[in-house]
$ cat target_8.csv   # CSV, C-alpha atoms
chain,number,residue,atom,x,y,z
S,12,MET,CA,0.0,0.0,0.0
S,13,LYS,CA,2.8,2.4,1.0
S,14,ASN,CA,4.7,1.4,-2.1
S,15,SER,CA,1.6,2.1,-4.3
S,16,SER,CA,1.1,5.6,-2.7
S,17,PHE,CA,4.8,6.5,-3.3
S,18,LEU,CA,4.6,5.4,-6.9
S,19,SER,CA,1.3,7.3,-7.5
S,20,ILE,CA,2.8,10.5,-6.1
S,21,PHE,CA,6.0,10.1,-8.1
S,22,ALA,CA,4.0,9.5,-11.3
S,23,ALA,CA,1.8,12.5,-10.6
S,24,LEU,CA,4.8,14.7,-10.2
S,25,LEU,CA,6.2,13.5,-13.5
S,26,ILE,CA,2.9,14.4,-15.2
S,27,PHE,CA,2.9,17.8,-13.7
S,28,ILE,CA,6.5,18.5,-14.7
S,29,SER,CA,5.5,17.4,-18.3
S,30,CYS,CA,2.9,20.3,-18.3
S,31,GLN,CA,6.1,22.5,-18.4
S,32,PRO,CA,5.6,25.1,-15.7
S,33,TYR,CA,8.0,28.0,-16.1
S,34,PHE,CA,10.5,26.7,-13.6
S,35,THR,CA,11.1,23.7,-16.0
S,36,TRP,CA,11.6,25.8,-19.2
S,37,GLY,CA,14.8,24.7,-20.8
S,38,TRP,CA,14.7,21.2,-19.3
S,39,PHE,CA,12.8,19.8,-22.3
S,40,SER,CA,15.5,20.9,-24.8
S,41,ASP,CA,17.6,18.2,-23.2
S,42,TYR,CA,16.9,14.8,-24.8
S,43,ARG,CA,18.2,13.0,-21.6
S,44,ILE,CA,15.6,14.6,-19.3
S,45,ILE,CA,12.7,13.7,-21.6
S,46,PHE,CA,14.0,10.2,-21.9
S,47,ALA,CA,14.4,9.9,-18.1
S,48,ILE,CA,10.9,11.1,-17.4
S,49,ARG,CA,9.4,8.6,-19.9
S,50,VAL,CA,11.5,5.7,-18.6
S,51,PHE,CA,10.5,6.4,-15.0
S,52,PHE,CA,6.8,6.7,-15.8
S,53,ALA,CA,6.9,3.6,-18.0
S,54,CYS,CA,8.5,1.6,-15.2
S,55,VAL,CA,5.8,2.8,-12.7
S,56,VAL,CA,3.1,1.7,-15.2
S,57,ALA,CA,4.9,-1.6,-15.9
S,58,TYR,CA,4.8,-2.3,-12.2
S,59,ASN,CA,1.1,-1.8,-12.2
S,60,ILE,CA,0.2,-2.8,-15.7
S,61,ASP,CA,-3.1,-4.3,-16.8
S,62,LEU,CA,-3.0,-6.4,-20.0
S,63,LYS,CA,-5.3,-9.1,-18.9
S,64,THR,CA,-7.7,-9.0,-21.9
S,65,HIS,CA,-7.0,-9.7,-25.5
S,66,GLY,CA,-8.4,-6.3,-26.5
S,67,ARG,CA,-6.0,-4.4,-24.2
S,68,ILE,CA,-3.0,-6.4,-25.5
S,69,TRP,CA,-4.0,-5.6,-29.1
S,70,ILE,CA,-4.4,-1.9,-28.4
S,71,PHE,CA,-1.1,-1.8,-26.6
S,72,LEU,CA,0.7,-3.5,-29.5
S,73,ILE,CA,-0.9,-1.2,-32.1
S,74,LEU,CA,0.1,1.9,-30.0
S,75,LEU,CA,3.6,0.4,-29.5
S,76,LEU,CA,4.0,-0.1,-33.3
S,77,THR,CA,2.5,3.3,-34.1
S,78,PHE,CA,4.9,5.2,-31.8
S,79,SER,CA,7.9,3.1,-32.9
S,80,PHE,CA,7.3,3.2,-36.7
S,81,HIS,CA,8.5,6.8,-37.4
S,82,PRO,CA,11.8,6.6,-35.6
S,83,ILE,CA,12.5,3.2,-37.2
S,84,LYS,CA,11.6,4.6,-40.6
S,85,SER,CA,13.8,7.6,-40.0
S,86,GLY,CA,16.8,5.4,-39.1
S,87,SER,CA,16.9,6.4,-35.4
S,88,ASN,CA,19.1,4.5,-33.0
S,89,ILE,CA,17.7,2.4,-30.2
S,90,ASN,CA,17.4,5.4,-27.8
S,91,GLY,CA,15.3,7.3,-30.4
S,92,ILE,CA,13.1,4.3,-30.9
S,93,MET,CA,12.7,3.8,-27.1
S,94,LEU,CA,11.9,7.5,-26.5
S,95,MET,CA,8.8,7.1,-28.6
S,96,ALA,CA,7.9,3.5,-27.8
S,97,LEU,CA,7.8,4.2,-24.0
S,98,LEU,CA,4.7,6.4,-24.6
S,99,ALA,CA,2.6,3.3,-25.4
S,100,PHE,CA,2.7,2.3,-21.7
S,101,VAL,CA,0.9,5.4,-20.5
S,102,PRO,CA,-2.8,4.3,-20.7
S,103,PHE,CA,-2.3,0.7,-19.4
S,104,ALA,CA,-1.9,1.1,-15.7
S,105,LYS,CA,-4.5,-0.7,-13.6
S,106,GLU,CA,-7.7,1.3,-13.3
S,107,LYS,CA,-7.5,1.8,-9.5
S,108,PHE,CA,-3.8,2.9,-9.8
S,109,SER,CA,-4.7,5.3,-12.6
S,110,TYR,CA,-7.3,6.9,-10.4
S,111,LYS,CA,-4.7,7.3,-7.6
S,112,ILE,CA,-2.3,9.0,-9.9
S,113,TYR,CA,-5.0,11.3,-11.2
S,114,ASP,CA,-6.1,12.2,-7.7
S,115,VAL,CA,-2.6,13.2,-6.7
S,116,PHE,CA,-2.1,15.1,-9.9
S,117,LEU,CA,-5.4,17.0,-9.4
S,118,THR,CA,-4.2,18.0,-5.9
S,119,ILE,CA,-0.8,19.2,-7.2
S,120,TYR,CA,-2.4,21.0,-10.1
S,121,SER,CA,-5.1,22.7,-8.1
S,122,ALA,CA,-2.7,23.8,-5.4
S,123,VAL,CA,-0.3,25.4,-7.8
S,124,ILE,CA,-3.0,26.9,-10.0
S,125,GLY,CA,-4.8,28.2,-6.9
S,126,ILE,CA,-1.8,30.0,-5.6
S,127,SER,CA,-1.1,31.3,-9.1
S,128,CYS,CA,-4.7,32.7,-9.3
S,129,VAL,CA,-4.1,34.6,-6.0
S,130,PHE,CA,-1.0,36.3,-7.4
S,131,TYR,CA,-2.7,36.9,-10.7
S,132,ILE,CA,-5.4,38.9,-9.0
S,133,LEU,CA,-2.8,40.8,-6.9
S,134,SER,CA,-0.9,41.5,-10.1
S,135,LEU,CA,-3.9,43.3,-11.6
S,136,PHE,CA,-3.6,45.8,-8.8
S,137,ASN,CA,0.2,45.9,-9.0
S,138,MET,CA,0.4,44.2,-5.6
S,139,ALA,CA,2.2,41.0,-6.6
S,140,PRO,CA,5.9,40.7,-5.9
S,141,LEU,CA,7.8,40.6,-9.2
S,142,ILE,CA,10.6,38.1,-9.1
S,143,GLY,CA,12.2,38.9,-12.5
S,144,THR,CA,11.8,38.0,-16.2
S,145,ILE,CA,12.3,34.8,-18.1
S,146,MET,CA,12.8,34.0,-21.8
S,147,PRO,CA,9.9,32.4,-23.6
S,148,LEU,CA,9.5,28.6,-23.9
S,149,ASN,CA,8.7,29.0,-27.6
S,150,GLU,CA,11.6,30.9,-29.3
S,151,GLY,CA,9.1,32.1,-31.9
S,152,LYS,CA,7.5,34.5,-29.4
S,153,PRO,CA,9.1,38.0,-29.5
S,154,TYR,CA,8.6,38.8,-25.9
S,155,ASN,CA,9.8,37.8,-22.4
S,156,TYR,CA,7.6,36.9,-19.4
S,157,LEU,CA,7.3,38.6,-16.0
S,158,VAL,CA,7.7,36.1,-13.2
S,159,PHE,CA,5.7,36.2,-10.0
S,160,PRO,CA,5.3,33.4,-7.4
S,161,LEU,CA,4.0,30.4,-9.4
S,162,LEU,CA,2.8,32.8,-12.1
S,163,VAL,CA,4.1,34.2,-15.4
S,164,LYS,CA,2.6,37.0,-17.5
S,165,PRO,CA,3.7,38.0,-21.1
S,166,SER,CA,5.5,41.4,-21.0
S,167,ILE,CA,3.1,42.8,-23.6
S,168,ALA,CA,-0.2,44.7,-23.1
S,169,SER,CA,-2.3,42.1,-24.9
S,170,GLY,CA,-1.3,39.4,-22.4
S,171,PHE,CA,-2.1,41.5,-19.3
S,172,TYR,CA,-5.6,40.2,-18.5
S,173,ARG,CA,-5.6,36.5,-19.6
S,174,PHE,CA,-4.4,34.1,-17.0
S,175,CYS,CA,-1.4,31.9,-17.9
S,176,GLY,CA,-0.8,30.4,-14.5
S,177,PRO,CA,2.7,29.0,-14.4
S,178,PHE,CA,2.5,28.1,-18.1
S,179,ASP,CA,3.5,30.0,-21.2
S,180,GLU,CA,-0.1,30.5,-22.7
S,181,PRO,CA,-3.6,30.9,-21.3
S,182,GLY,CA,-4.6,28.1,-23.7
S,183,VAL,CA,-2.5,25.6,-21.7
S,184,VAL,CA,-4.5,26.5,-18.6
S,185,GLY,CA,-7.8,26.4,-20.6
S,186,THR,CA,-7.0,23.0,-22.1
S,187,LEU,CA,-5.8,21.3,-18.9
S,188,SER,CA,-8.7,22.7,-16.9
S,189,ALA,CA,-11.2,21.7,-19.5
S,190,LEU,CA,-9.9,18.1,-19.6
S,191,ILE,CA,-9.9,18.0,-15.8
S,192,LEU,CA,-13.5,19.2,-15.6
S,193,CYS,CA,-14.6,16.5,-18.1
S,194,ILE,CA,-12.7,13.8,-16.3
S,195,SER,CA,-14.1,14.9,-12.9
S,196,HIS,CA,-17.6,15.3,-14.2
S,197,LEU,CA,-17.7,19.0,-13.1
S,198,ASN,CA,-17.9,17.8,-9.5
S,199,VAL,CA,-18.0,21.2,-7.8
S,200,LYS,CA,-18.4,19.4,-4.4
S,201,ASP,CA,-14.7,18.9,-4.7
S,202,LYS,CA,-13.0,22.2,-3.8
S,203,ARG,CA,-10.1,21.4,-6.2
S,204,ILE,CA,-12.5,21.4,-9.1
S,205,ILE,CA,-13.8,24.8,-8.1
S,206,ILE,CA,-10.2,26.1,-8.3
S,207,VAL,CA,-9.7,24.5,-11.7
S,208,LEU,CA,-13.0,26.0,-12.9
S,209,VAL,CA,-12.0,29.5,-11.8
S,210,SER,CA,-8.6,29.2,-13.4
S,211,GLY,CA,-10.2,28.1,-16.7
S,212,LEU,CA,-12.6,31.1,-16.6
S,213,LEU,CA,-9.7,33.5,-15.9
S,214,SER,CA,-7.8,32.1,-18.9
S,215,PHE,CA,-10.5,33.3,-21.3
S,216,SER,CA,-9.5,30.3,-23.4
S,217,PHE,CA,-11.7,29.8,-26.5
S,218,PHE,CA,-11.3,26.0,-26.0
S,219,PHE,CA,-12.2,26.1,-22.3
S,220,TYR,CA,-15.4,28.1,-22.8
S,221,SER,CA,-16.4,25.9,-25.7
S,222,VAL,CA,-16.0,22.8,-23.6
S,223,LEU,CA,-17.7,24.4,-20.6
S,224,LEU,CA,-20.8,25.3,-22.8
S,225,VAL,CA,-20.9,21.7,-24.0
S,226,LEU,CA,-20.7,20.4,-20.4
S,227,ILE,CA,-23.5,22.8,-19.3
S,228,PHE,CA,-25.7,21.7,-22.2
S,229,PHE,CA,-25.2,18.0,-21.4
S,230,GLY,CA,-25.5,18.7,-17.7
S,231,ILE,CA,-28.8,20.6,-18.1
S,232,THR,CA,-30.1,17.9,-20.4
S,233,PHE,CA,-29.1,14.8,-18.5
S,234,MET,CA,-28.2,15.6,-14.9
S,235,ASN,CA,-30.2,15.6,-11.7
S,236,LYS,CA,-32.2,18.7,-10.7
S,237,LYS,CA,-29.8,19.8,-8.0
S,238,ARG,CA,-26.9,19.9,-10.4
S,239,THR,CA,-29.0,21.3,-13.2
S,240,SER,CA,-30.0,24.4,-11.2
S,241,LEU,CA,-26.3,25.2,-10.7
S,242,LEU,CA,-25.6,24.7,-14.4
S,243,VAL,CA,-28.5,27.0,-15.4
S,244,VAL,CA,-27.1,29.7,-13.2
S,245,CYS,CA,-23.7,29.3,-14.9
S,246,LEU,CA,-25.3,29.5,-18.3
S,247,LEU,CA,-27.2,32.7,-17.4
S,248,LEU,CA,-24.0,34.3,-16.1
S,249,LEU,CA,-22.2,33.5,-19.3
S,250,MET,CA,-25.0,34.9,-21.4
S,251,LEU,CA,-25.1,38.1,-19.4
S,252,SER,CA,-21.4,38.6,-19.9
S,253,TYR,CA,-21.9,38.7,-23.6
S,254,ASN,CA,-23.2,42.3,-23.3
S,255,ASN,CA,-20.1,43.4,-21.4
S,256,GLU,CA,-17.7,45.2,-23.7
S,257,PHE,CA,-14.6,43.8,-22.0
S,258,MET,CA,-15.9,40.2,-22.1
S,259,TYR,CA,-17.0,40.6,-25.7
S,260,ASN,CA,-13.6,41.8,-26.9
S,261,ILE,CA,-11.5,39.3,-24.9
S,262,LEU,CA,-13.8,36.2,-25.4
S,263,TRP,CA,-17.1,36.2,-27.2
S,264,LYS,CA,-15.8,38.0,-30.3
S,265,ARG,CA,-13.8,34.8,-31.0
S,266,PHE,CA,-17.0,32.8,-31.2
S,267,GLU,CA,-18.2,34.8,-34.2
S,268,TRP,CA,-18.0,33.2,-37.7
S,269,ASP,CA,-15.4,34.7,-40.0
S,270,SER,CA,-16.8,34.2,-43.6
S,271,SER,CA,-13.4,35.2,-45.1
S,272,THR,CA,-11.6,32.2,-43.5
S,273,GLU,CA,-14.7,30.0,-43.1
S,274,MET,CA,-13.7,29.5,-39.4
S,275,PHE,CA,-14.6,30.9,-36.0
S,276,ALA,CA,-12.6,34.1,-35.3
S,277,GLY,CA,-10.9,32.4,-32.4
S,278,ASP,CA,-9.7,29.5,-34.5
S,279,ASN,CA,-6.2,30.7,-35.2
S,280,ARG,CA,-4.3,27.4,-35.0
S,281,ILE,CA,-2.4,27.8,-38.2
S,282,GLY,CA,-1.7,30.5,-40.9
S,283,GLU,CA,-3.2,30.5,-44.4
S,284,GLN,CA,0.1,29.6,-46.0
S,285,GLY,CA,0.6,26.5,-43.8
S,286,LYS,CA,-3.0,25.5,-44.4
S,287,ASP,CA,-2.7,25.9,-48.1
S,288,LEU,CA,0.5,23.8,-48.2
S,289,PHE,CA,-1.3,21.1,-46.2
S,290,LEU,CA,-4.3,21.0,-48.5
S,291,SER,CA,-1.9,20.8,-51.5
S,292,ILE,CA,-0.4,17.5,-50.4
S,293,ILE,CA,-3.6,15.7,-49.5
S,294,GLY,CA,-3.7,12.3,-51.3
S,295,THR,CA,0.0,12.2,-52.0
S,296,ASN,CA,2.7,10.0,-50.4
S,297,GLU,CA,3.8,12.9,-48.2
S,298,PHE,CA,0.3,13.2,-46.8
S,299,PHE,CA,0.2,9.5,-45.8
S,300,TRP,CA,3.9,9.2,-44.6
S,301,GLY,CA,5.1,12.6,-43.7
S,302,TYR,CA,6.1,15.8,-45.5
S,303,SER,CA,9.7,15.7,-46.7
S,304,ASP,CA,10.5,19.3,-45.9
S,305,TYR,CA,8.8,19.4,-42.5
S,306,ASP,CA,11.6,21.4,-40.8
S,307,ASN,CA,11.1,24.3,-43.2
S,308,PHE,CA,7.3,24.1,-42.8
S,309,TYR,CA,7.7,24.1,-39.0
S,310,GLU,CA,10.0,27.1,-39.0
S,311,LYS,CA,7.5,29.2,-41.0
S,312,ASN,CA,4.6,28.1,-38.7
S,313,SER,CA,6.3,27.6,-35.3
S,314,TRP,CA,4.0,30.2,-33.7
S,315,SER,CA,0.9,28.1,-34.2
S,316,ALA,CA,-0.4,24.7,-33.1
S,317,SER,CA,-2.6,22.3,-35.1
S,318,TYR,CA,-3.2,18.7,-35.8
S,319,ILE,CA,-1.8,19.5,-39.2
S,320,PHE,CA,1.7,19.5,-37.7
S,321,VAL,CA,1.3,15.9,-36.6
S,322,ILE,CA,0.2,14.8,-40.1
S,323,MET,CA,2.9,16.9,-41.8
S,324,GLN,CA,5.7,15.4,-39.7
S,325,TYR,CA,4.5,11.8,-39.2
S,326,GLY,CA,1.9,11.3,-41.9
S,327,PHE,CA,-1.8,10.5,-41.8
S,328,VAL,CA,-1.2,6.8,-41.3
S,329,PHE,CA,0.4,7.4,-37.9
S,330,PHE,CA,-2.2,10.0,-37.0
S,331,PHE,CA,-5.1,7.6,-37.9
S,332,CYS,CA,-3.6,4.7,-36.0
S,333,PHE,CA,-3.1,6.9,-32.9
S,334,LEU,CA,-6.7,8.1,-33.0
S,335,ILE,CA,-8.1,4.6,-33.6
S,336,SER,CA,-6.0,3.2,-30.7
S,337,PHE,CA,-7.4,5.7,-28.2
S,338,ILE,CA,-11.0,5.3,-29.5
S,339,ALA,CA,-10.7,1.5,-29.1
S,340,PHE,CA,-9.3,2.1,-25.6
S,341,ALA,CA,-12.2,4.3,-24.6
S,342,TRP,CA,-14.7,1.8,-26.1
S,343,GLN,CA,-13.7,-0.7,-23.4
S,344,TYR,CA,-15.2,1.6,-20.8
S,345,LYS,CA,-18.3,2.6,-22.7
S,346,ALA,CA,-21.3,2.7,-20.4
S,347,LYS,CA,-23.6,4.6,-22.7
S,348,LEU,CA,-23.2,5.7,-26.3
S,349,LEU,CA,-23.7,9.3,-25.2
S,350,ASN,CA,-20.7,9.0,-22.9
S,351,PHE,CA,-18.6,7.6,-25.7
S,352,LEU,CA,-19.6,10.3,-28.2
S,353,LEU,CA,-18.7,13.0,-25.7
S,354,PHE,CA,-15.3,11.4,-25.2
S,355,ILE,CA,-14.8,11.5,-29.0
S,356,LEU,CA,-15.9,15.2,-29.2
S,357,VAL,CA,-13.5,16.4,-26.4
S,358,PHE,CA,-10.6,14.1,-27.5
S,359,PHE,CA,-10.8,15.3,-31.1
S,360,ALA,CA,-11.3,19.0,-30.1
S,361,THR,CA,-8.2,18.9,-27.9
S,362,ILE,CA,-6.0,17.4,-30.5
S,363,TYR,CA,-7.3,19.8,-33.1
S,364,GLN,CA,-6.0,22.8,-31.2
S,365,ARG,CA,-3.2,21.3,-29.0
S,366,PRO,CA,-1.8,18.3,-30.9
S,367,PHE,CA,0.8,17.5,-28.3
S,368,ILE,CA,0.2,13.7,-28.4
S,369,PHE,CA,3.8,13.0,-27.4
S,370,ASP,CA,3.5,14.9,-24.1
S,371,LEU,CA,3.1,12.6,-21.1
S,372,ASN,CA,0.6,14.9,-19.4
S,373,TYR,CA,-1.8,15.0,-22.4
S,374,LEU,CA,-1.5,11.2,-23.0
S,375,PHE,CA,-2.4,10.5,-19.4
S,376,LEU,CA,-5.3,12.9,-19.4
S,377,PHE,CA,-6.6,11.4,-22.6
S,378,SER,CA,-6.3,8.0,-20.9
S,379,MET,CA,-8.3,9.2,-17.9
S,380,LEU,CA,-10.9,10.8,-20.2
S,381,ALA,CA,-11.3,7.4,-21.8
S,382,LEU,CA,-11.5,5.7,-18.4
S,383,THR,CA,-14.2,8.0,-17.1
S,384,ASN,CA,-15.7,8.1,-20.6
S,385,GLY,CA,-17.2,11.6,-20.8
S,386,TYR,CA,-19.2,13.8,-18.6
S,387,ILE,CA,-22.2,11.8,-17.5
S,388,PRO,CA,-21.0,9.6,-14.6
S,389,SER,CA,-21.5,5.9,-15.4
S,390,LYS,CA,-22.1,3.1,-12.9
S,391,ARG,CA,-18.6,1.9,-13.7
S,392,VAL,CA,-17.0,5.2,-12.8
S,393,TYR,CA,-18.8,5.3,-9.4
S,394,GLU,CA,-17.7,1.7,-8.7
S,395,MET,CA,-14.1,2.6,-9.5
S,396,GLU,CA,-14.3,5.7,-7.3
S,397,LYS,CA,-15.8,3.7,-4.5
S,398,LYS,CA,-13.2,1.0,-4.8
S,399,TYR,CA,-10.4,3.6,-4.8
S,400,ASN,CA,-11.7,5.4,-1.7
S,401,LYS,CA,-11.5,2.2,0.4
$ encode --input "target_8.csv" --output "structure tokens"
Amino acid sequence: MKNSSFLSIFAALLIFISCQPYFTWGWFSDYRIIFAIRVFFACVVAYNIDLKTHGRIWIFLILLLTFSFHPIKSGSNINGIMLMALLAFVPFAKEKFSYKIYDVFLTIYSAVIGISCVFYILSLFNMAPLIGTIMPLNEGKPYNYLVFPLLVKPSIASGFYRFCGPFDEPGVVGTLSALILCISHLNVKDKRIIIVLVSGLLSFSFFFYSVLLVLIFFGITFMNKKRTSLLVVCLLLLMLSYNNEFMYNILWKRFEWDSSTEMFAGDNRIGEQGKDLFLSIIGTNEFFWGYSDYDNFYEKNSWSASYIFVIMQYGFVFFFCFLISFIAFAWQYKAKLLNFLLFILVFFATIYQRPFIFDLNYLFLFSMLALTNGYIPSKRVYEMEKKYNK
């Protein structure tokens, strides 16, 4: 029992570090650190692995081959192949142990993001102690960050109001918080979830508010009356904020349809040139197996993030196998078709705007999203939670 608790805390810390808070910036440019984190986490999972059914074995093997194929194709050495192959272990810890890791991670994340929220509010009134400045995580960003206790803020006027927490973008807070709300079924009885909810709201993330609106819709439609009344209040508050000029400019304006780009105004994941190049290779060998001049493509579009990057670098075959593997993994835990469809929606939407499918933190949260299978709590989820709490 003590051994299991230690391993769950260790694994949760590795996941949080993989979220890349500002005090780890620079670590992930070192191949050895990434390799060590993945080796340690894979060992923890291997100690608590669950491959008891034929279905899980097949999914594991498909993921293992999917992650290994590109480095083998590129002629990587054994270390390069292992660096990718180790990621296949992430979803396959025993269910009870996965819940333990998630519970510890949620505690760490909510504590850090809660303290960060306090200093963010103080910084709005010039009351937060400024520690110094730091270079950006992404070299494509032409500005530094102001560093406060467990908080960074871009040193530009446009980044003043949106909450980044300890991360380099408000979108990171929005994405992580949205996934946590989905996994935890928006359980506001848990104070940690309230902190996560507030942090997501302060990020003014297009993705977070989109997911929140979906959760409110599903909640009002399918949840019990007590929970529904709370969700109705949330929806009314969001609707009232639409008429506020500040809220409109920083958030709601991005939900408007842009007829010139045929996308929502807030959908700025990639530039027109990158999008046009991607469309031009569809159906070719480079579309299926990876674009030959990817480095040049990335250099011109490094400021953005889109699923297109995954396809351009690794090919559609890799991308398809990855998606199918996680869909099959989630299907195992399907309690209702509606649960499963909501998993698909949130899973695809996350990858669409943050395609960091090689990051340990996102892979783990995708696994937990599959395990809990959407927003509406299933009998299976309650049974697992009951079992874990013993």
$ closest_residue --input "target_8.csv" --among "S:Phe159, S:Tyr302, S:Phe39, S:Phe215" --to "Val129 of chain S" --atoms "all atoms listed in the file"
S:Phe159
$ closest_residue --input "target_8.csv" --among "S:Leu141, S:Ala53, S:Val158, S:Ile112" --to "Met379 of chain S" --atoms "all atoms listed in the file"
S:Ile112
$ closest_residue --input "target_8.csv" --among "S:Ser210, S:Asn296, S:Ser127, S:Ser19" --to "Pro160 of chain S" --atoms "all atoms listed in the file"
S:Ser127
$ residues_around --input "target_8.csv" --residues "segment 68-74 of chain S" --least-positions-apart "2" --cutoff "10 Å" --atoms "all atoms listed in the file" --output "list in words"
Asp61, Leu62, Lys63, Thr64, His65, Gly66, Leu76, Thr77, Phe78, Ser79, Phe80, Ala96, Leu98, Ala99, Phe100, Val101, Pro102, Phe103, Phe329, Cys332, Phe333, Leu334, Ile335, Ser336, Phe337, Ile338, Ala339 and Phe340 of chain S
$ atom_distance --input "target_8.csv" --atom1 "atom CA of Val183 of chain S" --atom2 "atom CA of Phe46 of chain S"
22.6 Å
$ residues_around --input "target_8.csv" --residues "Met146 of chain S" --least-positions-apart "2" --cutoff "8 Å" --atoms "only C-alpha atoms" --output "PyMOL selection string"
chain S and resi 144+148+154-156
$ closest_atom_pairs --input "target_8.csv" --of "segment 44-151 of chain S" --to "segment 195-207 of chain S" --cutoff "9 Å" --atoms "only C-alpha atoms" --output "Markdown table"
| residue | atom | partner | partner_atom | distance |
| --- | --- | --- | --- | --- |
| S:Leu117 | CA | S:Arg203 | CA | 7.2 |
| S:Thr118 | CA | S:Arg203 | CA | 6.8 |
| S:Tyr120 | CA | S:Val207 | CA | 8.3 |
| S:Ser121 | CA | S:Arg203 | CA | 5.5 |
| S:Ala122 | CA | S:Arg203 | CA | 7.8 |
| S:Ile124 | CA | S:Val207 | CA | 7.3 |
| S:Gly125 | CA | S:Ile206 | CA | 6.0 |
| S:Cys128 | CA | S:Ile206 | CA | 8.6 |
$ atom_distance --input "target_8.csv" --atom1 "atom CA of Phe171 of chain S" --atom2 "atom CA of Ser221 of chain S"
22.1 Å
$ atom_distance --input "target_8.csv" --atom1 "atom CA of Thr295 of chain S" --atom2 "atom CA of Phe330 of chain S"
15.3 Å
$ build_atoms --input "target_8.csv" --residues "segment 105-123 of chain S" --atoms "N, CA and C atoms" --output "compact mmCIF listing (two decimals), in the frame of the given file"
# COMPACT_ATOMS: atom_id res chain seq x y z
N LYS S 105 -3.24 -0.21 -14.13
CA LYS S 105 -4.50 -0.70 -13.60
C LYS S 105 -5.42 0.46 -13.25
N GLU S 106 -6.73 0.24 -13.40
CA GLU S 106 -7.70 1.30 -13.30
C GLU S 106 -7.58 2.02 -11.91
N LYS S 107 -7.54 1.24 -10.85
CA LYS S 107 -7.50 1.80 -9.50
C LYS S 107 -6.20 2.65 -9.34
N PHE S 108 -5.10 2.17 -9.87
CA PHE S 108 -3.80 2.90 -9.80
C PHE S 108 -3.89 4.19 -10.60
N SER S 109 -4.53 4.14 -11.77
CA SER S 109 -4.70 5.30 -12.60
C SER S 109 -5.47 6.41 -11.87
N TYR S 110 -6.52 5.99 -11.15
CA TYR S 110 -7.30 6.90 -10.40
C TYR S 110 -6.44 7.57 -9.26
N LYS S 111 -5.58 6.77 -8.65
CA LYS S 111 -4.70 7.30 -7.60
C LYS S 111 -3.77 8.37 -8.17
N ILE S 112 -3.16 8.05 -9.31
CA ILE S 112 -2.30 9.00 -9.90
C ILE S 112 -3.02 10.30 -10.27
N TYR S 113 -4.21 10.14 -10.85
CA TYR S 113 -5.00 11.30 -11.20
C TYR S 113 -5.37 12.14 -10.00
N ASP S 114 -5.74 11.48 -8.92
CA ASP S 114 -6.10 12.20 -7.70
C ASP S 114 -4.98 13.03 -7.16
N VAL S 115 -3.78 12.46 -7.15
CA VAL S 115 -2.60 13.20 -6.70
C VAL S 115 -2.28 14.34 -7.64
N PHE S 116 -2.35 14.06 -8.94
CA PHE S 116 -2.10 15.10 -9.90
C PHE S 116 -3.07 16.26 -9.78
N LEU S 117 -4.34 15.94 -9.57
CA LEU S 117 -5.40 17.00 -9.40
C LEU S 117 -5.04 17.84 -8.16
N THR S 118 -4.57 17.21 -7.10
CA THR S 118 -4.20 18.00 -5.90
C THR S 118 -3.03 18.89 -6.17
N ILE S 119 -2.01 18.38 -6.85
CA ILE S 119 -0.80 19.20 -7.20
C ILE S 119 -1.24 20.36 -8.09
N TYR S 120 -1.97 20.03 -9.15
CA TYR S 120 -2.40 21.00 -10.10
C TYR S 120 -3.23 22.12 -9.50
N SER S 121 -4.23 21.72 -8.73
CA SER S 121 -5.10 22.70 -8.10
C SER S 121 -4.43 23.57 -7.11
N ALA S 122 -3.48 22.99 -6.36
CA ALA S 122 -2.70 23.80 -5.40
C ALA S 122 -1.88 24.84 -6.08
N VAL S 123 -1.15 24.42 -7.10
CA VAL S 123 -0.30 25.40 -7.80
C VAL S 123 -1.11 26.42 -8.55
